[in-house]
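So this one's protein12.tsv, TSV, C-alpha atoms:
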```tsv
chain	number	residue	atom	x	y	z
A	1	MET	CA	2.79	-25.95	21.60
A	2	ARG	CA	0.44	-23.34	20.18
A	3	GLU	CA	1.93	-19.87	20.06
A	4	HIS	CA	-0.01	-17.06	21.65
A	5	ARG	CA	-0.13	-13.84	19.63
A	6	ARG	CA	-0.93	-10.57	21.32
A	7	ALA	CA	-3.61	-8.41	19.77
A	8	PRO	CA	-2.13	-5.32	18.09
A	9	HIS	CA	-2.33	-1.99	19.85
A	10	PRO	CA	-5.73	-0.55	18.92
A	11	ARG	CA	-4.50	2.95	18.14
A	12	TYR	CA	-1.49	2.10	16.01
A	13	ALA	CA	-2.61	-1.17	14.40
A	14	PRO	CA	-1.71	-2.75	12.07
A	15	GLY	CA	1.89	-1.59	12.46
A	16	THR	CA	2.38	-2.34	16.16
A	17	LEU	CA	4.11	-5.47	17.42
A	18	ASP	CA	5.22	-6.66	20.85
A	19	VAL	CA	8.61	-8.39	20.53
A	20	CYS	CA	9.40	-10.71	23.43
A	21	ALA	CA	13.06	-11.17	24.31
A	22	GLY	CA	12.72	-14.88	25.06
A	23	ARG	CA	11.01	-16.01	21.85
A	24	PRO	CA	12.84	-18.18	19.30
A	25	LEU	CA	14.60	-16.48	16.41
A	26	ALA	CA	12.35	-18.07	13.78
A	27	ALA	CA	9.20	-16.81	15.52
A	28	VAL	CA	10.50	-13.24	15.85
A	29	THR	CA	11.66	-13.30	12.22
A	30	ALA	CA	8.21	-14.33	11.00
A	31	GLU	CA	6.57	-11.53	13.00
A	32	ILE	CA	8.98	-8.91	11.65
A	33	GLU	CA	8.37	-10.13	8.09
A	34	ALA	CA	4.61	-9.83	8.64
A	35	VAL	CA	4.97	-6.27	9.98
A	36	CYS	CA	7.11	-5.35	6.96
A	37	ALA	CA	4.50	-6.76	4.59
A	38	ARG	CA	1.77	-4.68	6.23
A	39	ALA	CA	3.94	-1.56	6.08
A	40	GLU	CA	4.67	-2.14	2.39
A	41	ASP	CA	0.95	-2.54	1.69
A	42	ALA	CA	0.14	0.73	3.49
A	43	PRO	CA	3.02	3.18	2.82
A	44	GLY	CA	3.31	5.90	5.43
A	45	THR	CA	1.63	3.90	8.22
A	46	PRO	CA	4.11	3.95	11.12
A	47	VAL	CA	5.59	0.77	12.55
A	48	VAL	CA	5.88	0.58	16.34
A	49	LEU	CA	7.85	-2.25	17.93
A	50	ARG	CA	7.54	-2.69	21.70
A	51	LEU	CA	10.43	-4.69	23.14
A	52	THR	CA	9.47	-6.53	26.31
A	53	ALA	CA	11.02	-8.98	28.72
A	54	ALA	CA	8.21	-11.51	28.38
A	55	SER	CA	9.28	-15.10	27.76
A	56	PRO	CA	7.55	-18.44	27.23
A	57	PRO	CA	5.84	-20.06	30.25
A	58	GLY	CA	8.27	-21.81	32.57
A	59	SER	CA	11.35	-19.87	31.50
A	60	ALA	CA	12.99	-16.58	32.39
A	61	VAL	CA	14.87	-14.22	30.15
A	62	GLY	CA	17.99	-14.64	32.24
A	63	GLU	CA	17.87	-18.40	31.65
A	64	GLN	CA	17.78	-18.10	27.88
A	65	PRO	CA	20.86	-19.39	26.04
A	66	GLY	CA	22.99	-16.94	24.11
A	67	TRP	CA	21.29	-15.26	21.17
A	68	PRO	CA	20.26	-16.55	18.67
A	69	GLY	CA	19.77	-19.85	20.52
A	70	PRO	CA	21.24	-23.36	20.51
A	71	GLU	CA	19.21	-24.81	17.64
A	72	THR	CA	19.80	-21.96	15.20
A	73	GLY	CA	21.45	-22.62	11.85
A	74	ILE	CA	22.89	-20.18	9.35
A	75	ARG	CA	19.66	-20.47	7.33
A	76	HIS	CA	17.71	-18.99	10.25
A	77	VAL	CA	20.30	-16.25	10.70
A	78	THR	CA	20.22	-15.38	7.00
A	79	ARG	CA	16.44	-15.06	7.08
A	80	TRP	CA	16.67	-12.85	10.20
A	81	GLU	CA	19.26	-10.56	8.63
A	82	ARG	CA	17.13	-10.20	5.50
A	83	ALA	CA	14.10	-9.37	7.63
A	84	LEU	CA	16.10	-6.66	9.41
A	85	ARG	CA	17.23	-5.21	6.09
A	86	ARG	CA	13.64	-5.26	4.86
A	87	LEU	CA	12.48	-3.46	8.01
A	88	GLU	CA	15.24	-0.92	7.48
A	89	ARG	CA	13.78	-0.11	4.06
A	90	VAL	CA	10.01	-0.06	4.68
A	91	PRO	CA	8.18	3.04	3.37
A	92	ALA	CA	7.22	4.15	6.86
A	93	ALA	CA	8.63	5.44	10.11
A	94	VAL	CA	9.94	2.68	12.38
A	95	VAL	CA	9.87	3.43	16.11
A	96	VAL	CA	11.03	1.08	18.88
A	97	HIS	CA	10.04	1.27	22.54
A	98	ALA	CA	12.21	-0.76	24.93
A	99	ALA	CA	11.18	-1.43	28.51
A	100	GLY	CA	12.40	-3.74	31.24
A	101	ALA	CA	14.96	-6.49	30.67
A	102	CYS	CA	15.43	-6.62	26.89
A	103	ALA	CA	17.75	-9.18	25.34
A	104	GLY	CA	17.89	-11.35	22.23
A	105	PRO	CA	16.85	-9.31	19.17
A	106	ALA	CA	16.59	-6.03	21.09
A	107	LEU	CA	19.85	-4.43	19.96
A	108	ASP	CA	19.30	-5.42	16.33
A	109	LEU	CA	15.84	-3.87	16.30
A	110	LEU	CA	16.97	-0.69	18.05
A	111	LEU	CA	19.68	-0.19	15.45
A	112	VAL	CA	17.32	-0.43	12.45
A	113	ALA	CA	14.75	1.97	13.90
A	114	ASP	CA	14.30	5.61	12.94
A	115	HIS	CA	13.55	6.58	16.55
A	116	ARG	CA	14.18	4.70	19.79
A	117	VAL	CA	12.45	5.31	23.09
A	118	ALA	CA	13.63	3.74	26.35
A	119	ALA	CA	11.58	3.35	29.49
A	120	PRO	CA	13.43	4.37	32.68
A	121	ASP	CA	13.58	0.71	33.77
A	122	LEU	CA	15.33	-0.50	30.61
A	123	GLU	CA	18.05	-3.09	31.10
A	124	LEU	CA	19.45	-3.81	27.65
A	125	THR	CA	21.36	-7.08	27.58
A	126	LEU	CA	23.80	-7.22	24.69
A	127	PRO	CA	23.94	-10.41	22.59
A	128	VAL	CA	27.07	-11.79	24.25
A	129	HIS	CA	27.81	-15.48	24.73
A	130	ALA	CA	30.90	-16.75	26.59
A	131	GLY	CA	32.27	-13.22	26.45
A	132	ARG	CA	31.89	-12.91	22.66
A	133	MET	CA	29.40	-10.55	21.06
A	134	TRP	CA	27.21	-11.99	18.32
A	135	PRO	CA	28.97	-11.09	15.01
A	136	GLY	CA	25.86	-10.23	13.00
A	137	THR	CA	25.25	-7.03	11.07
A	138	LEU	CA	24.59	-5.27	14.36
A	139	LEU	CA	28.38	-4.75	14.50
A	140	HIS	CA	28.26	-2.99	11.13
A	141	ARG	CA	25.36	-0.81	12.23
A	142	LEU	CA	27.07	-0.01	15.53
A	143	ALA	CA	30.19	1.22	13.74
A	144	ASP	CA	28.09	3.30	11.32
A	145	GLN	CA	25.84	4.82	13.94
A	146	ILE	CA	27.97	5.36	17.03
A	147	GLY	CA	31.49	5.10	15.59
A	148	THR	CA	34.10	2.37	15.77
A	149	ARG	CA	35.70	3.68	18.96
A	150	ARG	CA	32.47	3.70	20.95
A	151	ALA	CA	31.44	0.36	19.47
A	152	ARG	CA	34.71	-1.11	20.71
A	153	GLY	CA	33.78	0.20	24.14
A	154	LEU	CA	30.62	-1.88	24.00
A	155	LEU	CA	32.56	-4.95	22.94
A	156	ALA	CA	34.89	-4.61	25.90
A	157	GLY	CA	32.35	-3.33	28.41
A	158	ALA	CA	29.54	-4.70	30.53
A	159	PRO	CA	27.08	-7.14	28.96
A	160	ALA	CA	24.08	-5.02	29.99
A	161	LEU	CA	23.23	-1.31	29.91
A	162	ASP	CA	20.62	0.66	31.78
A	163	ALA	CA	18.54	3.37	30.12
A	164	ALA	CA	21.01	6.18	30.88
A	165	GLN	CA	23.95	4.16	29.54
A	166	ALA	CA	22.02	3.22	26.39
A	167	LEU	CA	21.26	6.91	25.84
A	168	ALA	CA	24.90	7.87	26.38
A	169	PHE	CA	26.04	5.29	23.82
A	170	GLY	CA	23.47	6.55	21.31
A	171	LEU	CA	21.50	3.30	21.26
A	172	VAL	CA	18.29	5.12	22.25
A	173	ASP	CA	17.18	8.65	21.41
A	174	GLU	CA	15.16	9.48	24.51
A	175	ILE	CA	14.05	8.18	27.88
A	176	ASP	CA	10.35	8.61	28.50
A	177	PRO	CA	8.28	7.02	31.28
A	178	GLY	CA	5.06	7.34	29.29
A	179	THR	CA	3.63	4.12	27.86
A	180	ASP	CA	2.51	6.01	24.73
A	181	ALA	CA	5.85	7.71	24.01
A	182	ALA	CA	6.63	5.49	21.01
A	183	GLY	CA	3.18	6.03	19.56
A	184	ARG	CA	3.55	9.79	19.81
A	185	ALA	CA	6.96	9.67	18.13
A	186	ALA	CA	5.59	7.45	15.35
A	187	SER	CA	2.65	9.78	14.75
A	188	ARG	CA	4.96	12.79	14.67
A	189	LEU	CA	7.27	11.20	12.10
A	190	ALA	CA	4.38	9.91	10.02
A	191	ALA	CA	2.69	13.31	9.97
A	192	ALA	CA	5.91	15.09	9.01
A	193	GLN	CA	7.30	12.74	6.37
A	194	GLY	CA	5.13	9.65	5.87
A	195	ALA	CA	6.50	7.29	3.24
A	196	GLU	CA	9.02	9.95	2.13
A	197	LEU	CA	11.06	9.16	5.24
A	198	ALA	CA	12.20	5.96	3.51
A	199	VAL	CA	13.82	7.99	0.71
A	200	ARG	CA	15.92	10.02	3.17
A	201	ARG	CA	16.73	6.94	5.23
A	202	ARG	CA	18.03	5.11	2.16
A	203	LEU	CA	20.33	8.01	1.26
A	204	LEU	CA	21.67	8.10	4.82
A	205	LEU	CA	22.24	4.34	4.97
A	206	ASP	CA	24.01	4.23	1.62
A	207	GLY	CA	26.14	7.29	2.38
A	208	PRO	CA	29.07	5.73	4.29
A	209	SER	CA	29.68	3.07	1.63
A	210	THR	CA	29.09	5.21	-1.47
A	211	ASP	CA	31.44	7.74	-3.05
A	212	ILE	CA	29.75	11.14	-3.31
A	213	ASP	CA	30.11	11.15	-7.11
A	214	ASP	CA	28.41	7.75	-7.30
A	215	ALA	CA	25.73	8.91	-4.87
A	216	LEU	CA	24.95	12.07	-6.83
A	217	GLY	CA	22.43	10.39	-9.12
A	218	ALA	CA	20.39	8.99	-6.24
A	219	HIS	CA	20.37	12.36	-4.49
A	220	LEU	CA	19.33	14.19	-7.66
A	221	ALA	CA	16.51	11.68	-8.18
A	222	ALA	CA	15.34	12.30	-4.61
A	223	CYS	CA	15.53	16.07	-5.16
A	224	ASP	CA	13.49	15.75	-8.34
A	225	ARG	CA	10.91	13.69	-6.45
A	226	GLU	CA	10.70	16.34	-3.74
A	227	LEU	CA	10.29	19.15	-6.28
A	228	ARG	CA	7.49	17.24	-7.96
A	229	LEU	CA	5.77	16.72	-4.62
A	230	ARG	CA	6.05	20.43	-3.86
A	231	GLY	CA	4.68	21.23	-7.28
A	232	THR	CA	1.73	18.93	-6.72
A	233	ALA	CA	1.06	20.52	-3.34
A	234	GLY	CA	1.29	23.98	-4.89
A	235	ALA	CA	-1.08	23.07	-7.69
A	236	THR	CA	-3.61	21.71	-5.22
A	237	ALA	CA	-3.40	24.81	-3.06
A	238	SER	CA	-3.86	27.12	-6.05
A	239	GLY	CA	-6.81	25.27	-7.54
A	240	GLY	CA	-4.83	23.16	-10.01
A	241	THR	CA	-2.59	25.78	-11.67
A	242	GLN	CA	1.17	25.63	-11.47
A	243	PRO	CA	3.15	28.87	-11.05
```

Would it be possible to restate this file's structure as structure tokens?
Amino acid sequence: MREHRRAPHPRYAPGTLDVCAGRPLAAVTAEIEAVCARAEDAPGTPVVLRLTAASPPGSAVGEQPGWPGPETGIRHVTRWERALRRLERVPAAVVVHAAGACAGPALDLLLVADHRVAAPDLELTLPVHAGRMWPGTLLHRLADQIGTRRARGLLAGAPALDAAQALAFGLVDEIDPGTDAAGRAASRLAAAQGAELAVRRRLLLDGPSTDIDDALGAHLAACDRELRLRGTAGATASGGTQP
């Protein structure tokens, strides 16, 4: 069956992608890899992922088998995890907008984003099958981002969260009814930091697993980069002369 690809959002192309909850893991992985490649080719261009409840013709999201699907092997999972890690490191702001009944890859993609916007009608279904949450790196990111205690609450709690619950757990950053909320957030981040956001993100992500003495070199390198950027900006503003 031929896959139907949505046209990218005209204002935020080429970094905008609609991610459908019911699509197979391999298809979503390929789309995320393509978005990463475009972001790497155009540093600073924001990436906007719109999570939707759309599913293939003849099926409903609620009828989908447990993520990542019955025909998935560890090779597919490995490729997906590498795509997530790549997205987490792109030289651009990554913003996710989640609306409606979002399942499948939704939680993974929310956790790797720099900013997460929920529509008021969000129903975030966690990747739980037979009462067991999917043991991918989303568990690692949950512990890092919301703390082990709160993450345990998710493991033992309801399999789906509404927008207010997702906000309370720290899985989204804001609830906004506007359809362009993610685009505005992406533009704001891109204007403020551009590709430099990736440098700060990397330091934050490596922080919990790196001793501060071992991390010092990376932080000094980032500080040196920032000073050089400020020097370049100062030279431009003063007609090419450094103070």

Neighbours of A:Leu171 within 12 Å (all atoms listed in the file; same-chain residues fewer than 4 positions away dropped), as a PyMOL selection string? chain A and resi 96-98+106-118+122+124+126+138+141-147+150-151+154+161-167+175

Residue neighbourhood stretch 205-218 of chain A, 10 Å, all atoms listed in the file, exclusion window fewer than 3 positions, as number ranges by chain: A: 88-89, 141, 144-145, 199-202, 221-224

Looking at all atoms listed in the file, which of A:Ala185, A:Val28, A:Ala119, A:Ala160 is the one that sits closest to A:Pro105?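 Closest residue, counting all atoms listed in the file: A:Val28.
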
Distance criterion (all atoms listed in the file): nearest to A:Glu31 out of A:Leu49, A:His76, A:Gly183, A:Ala101: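 Going through A:Leu49, A:His76, A:Gly183, A:Ala101 one by one, the smallest distance to A:Glu31 is for A:Leu49.
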
Residue nearest A:Asp41 - candidates A:Pro68, A:Gly73, A:Pro177, A:Pro91, atoms counted: all atoms listed in the file: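 Counting all atoms listed in the file, the residue closest to A:Asp41 is A:Pro91.
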
Extract, using all atoms listed in the file, all DNA, RNA and protein residues at most 12 Å from A:Ala93, discarding same-chain residues fewer than 6 positions from it, and format them as a PDB file with C-alpha atoms, keeping the file's coordinate frame.
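Listed below is the output, around-v7.pdb:
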```
ATOM      1  CA  GLY A  15       1.890  -1.590  12.460  1.00  0.00           C
ATOM      2  CA  THR A  16       2.380  -2.340  16.160  1.00  0.00           C
ATOM      3  CA  CYS A  36       7.110  -5.350   6.960  1.00  0.00           C
ATOM      4  CA  ALA A  39       3.940  -1.560   6.080  1.00  0.00           C
ATOM      5  CA  GLU A  40       4.670  -2.140   2.390  1.00  0.00           C
ATOM      6  CA  ALA A  42       0.140   0.730   3.490  1.00  0.00           C
ATOM      7  CA  PRO A  43       3.020   3.180   2.820  1.00  0.00           C
ATOM      8  CA  GLY A  44       3.310   5.900   5.430  1.00  0.00           C
ATOM      9  CA  THR A  45       1.630   3.900   8.220  1.00  0.00           C
ATOM     10  CA  PRO A  46       4.110   3.950  11.120  1.00  0.00           C
ATOM     11  CA  VAL A  47       5.590   0.770  12.550  1.00  0.00           C
ATOM     12  CA  VAL A  48       5.880   0.580  16.340  1.00  0.00           C
ATOM     13  CA  LEU A  49       7.850  -2.250  17.930  1.00  0.00           C
ATOM     14  CA  LEU A  87      12.480  -3.460   8.010  1.00  0.00           C
ATOM     15  CA  VAL A 112      17.320  -0.430  12.450  1.00  0.00           C
ATOM     16  CA  ALA A 113      14.750   1.970  13.900  1.00  0.00           C
ATOM     17  CA  ASP A 114      14.300   5.610  12.940  1.00  0.00           C
ATOM     18  CA  HIS A 115      13.550   6.580  16.550  1.00  0.00           C
ATOM     19  CA  ARG A 116      14.180   4.700  19.790  1.00  0.00           C
ATOM     20  CA  ALA A 182       6.630   5.490  21.010  1.00  0.00           C
ATOM     21  CA  GLY A 183       3.180   6.030  19.560  1.00  0.00           C
ATOM     22  CA  ARG A 184       3.550   9.790  19.810  1.00  0.00           C
ATOM     23  CA  ALA A 185       6.960   9.670  18.130  1.00  0.00           C
ATOM     24  CA  ALA A 186       5.590   7.450  15.350  1.00  0.00           C
ATOM     25  CA  SER A 187       2.650   9.780  14.750  1.00  0.00           C
ATOM     26  CA  ARG A 188       4.960  12.790  14.670  1.00  0.00           C
ATOM     27  CA  LEU A 189       7.270  11.200  12.100  1.00  0.00           C
ATOM     28  CA  ALA A 190       4.380   9.910  10.020  1.00  0.00           C
ATOM     29  CA  ALA A 191       2.690  13.310   9.970  1.00  0.00           C
ATOM     30  CA  ALA A 192       5.910  15.090   9.010  1.00  0.00           C
ATOM     31  CA  GLN A 193       7.300  12.740   6.370  1.00  0.00           C
ATOM     32  CA  GLY A 194       5.130   9.650   5.870  1.00  0.00           C
ATOM     33  CA  ALA A 195       6.500   7.290   3.240  1.00  0.00           C
ATOM     34  CA  GLU A 196       9.020   9.950   2.130  1.00  0.00           C
ATOM     35  CA  LEU A 197      11.060   9.160   5.240  1.00  0.00           C
ATOM     36  CA  ALA A 198      12.200   5.960   3.510  1.00  0.00           C
ATOM     37  CA  VAL A 199      13.820   7.990   0.710  1.00  0.00           C
ATOM     38  CA  ARG A 200      15.920  10.020   3.170  1.00  0.00           C
ATOM     39  CA  ARG A 201      16.730   6.940   5.230  1.00  0.00           C
TER      40      ARG A 201
END
```

Which is closer to A:Pro24 than all the others in A:Asp180, A:Glu71, A:Glu81, A:Asp173, using all atoms listed in the file?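 Once distances to A:Pro24 are computed over all atoms listed in the file, the minimum belongs to A:Glu71.
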
Compare A:Leu17, A:Leu227, A:Ala103, A:Ala92 by their minimum atom-to-atom distance to A:Ala34, counting all atoms listed in the file, and give me the closest one. A:Leu17
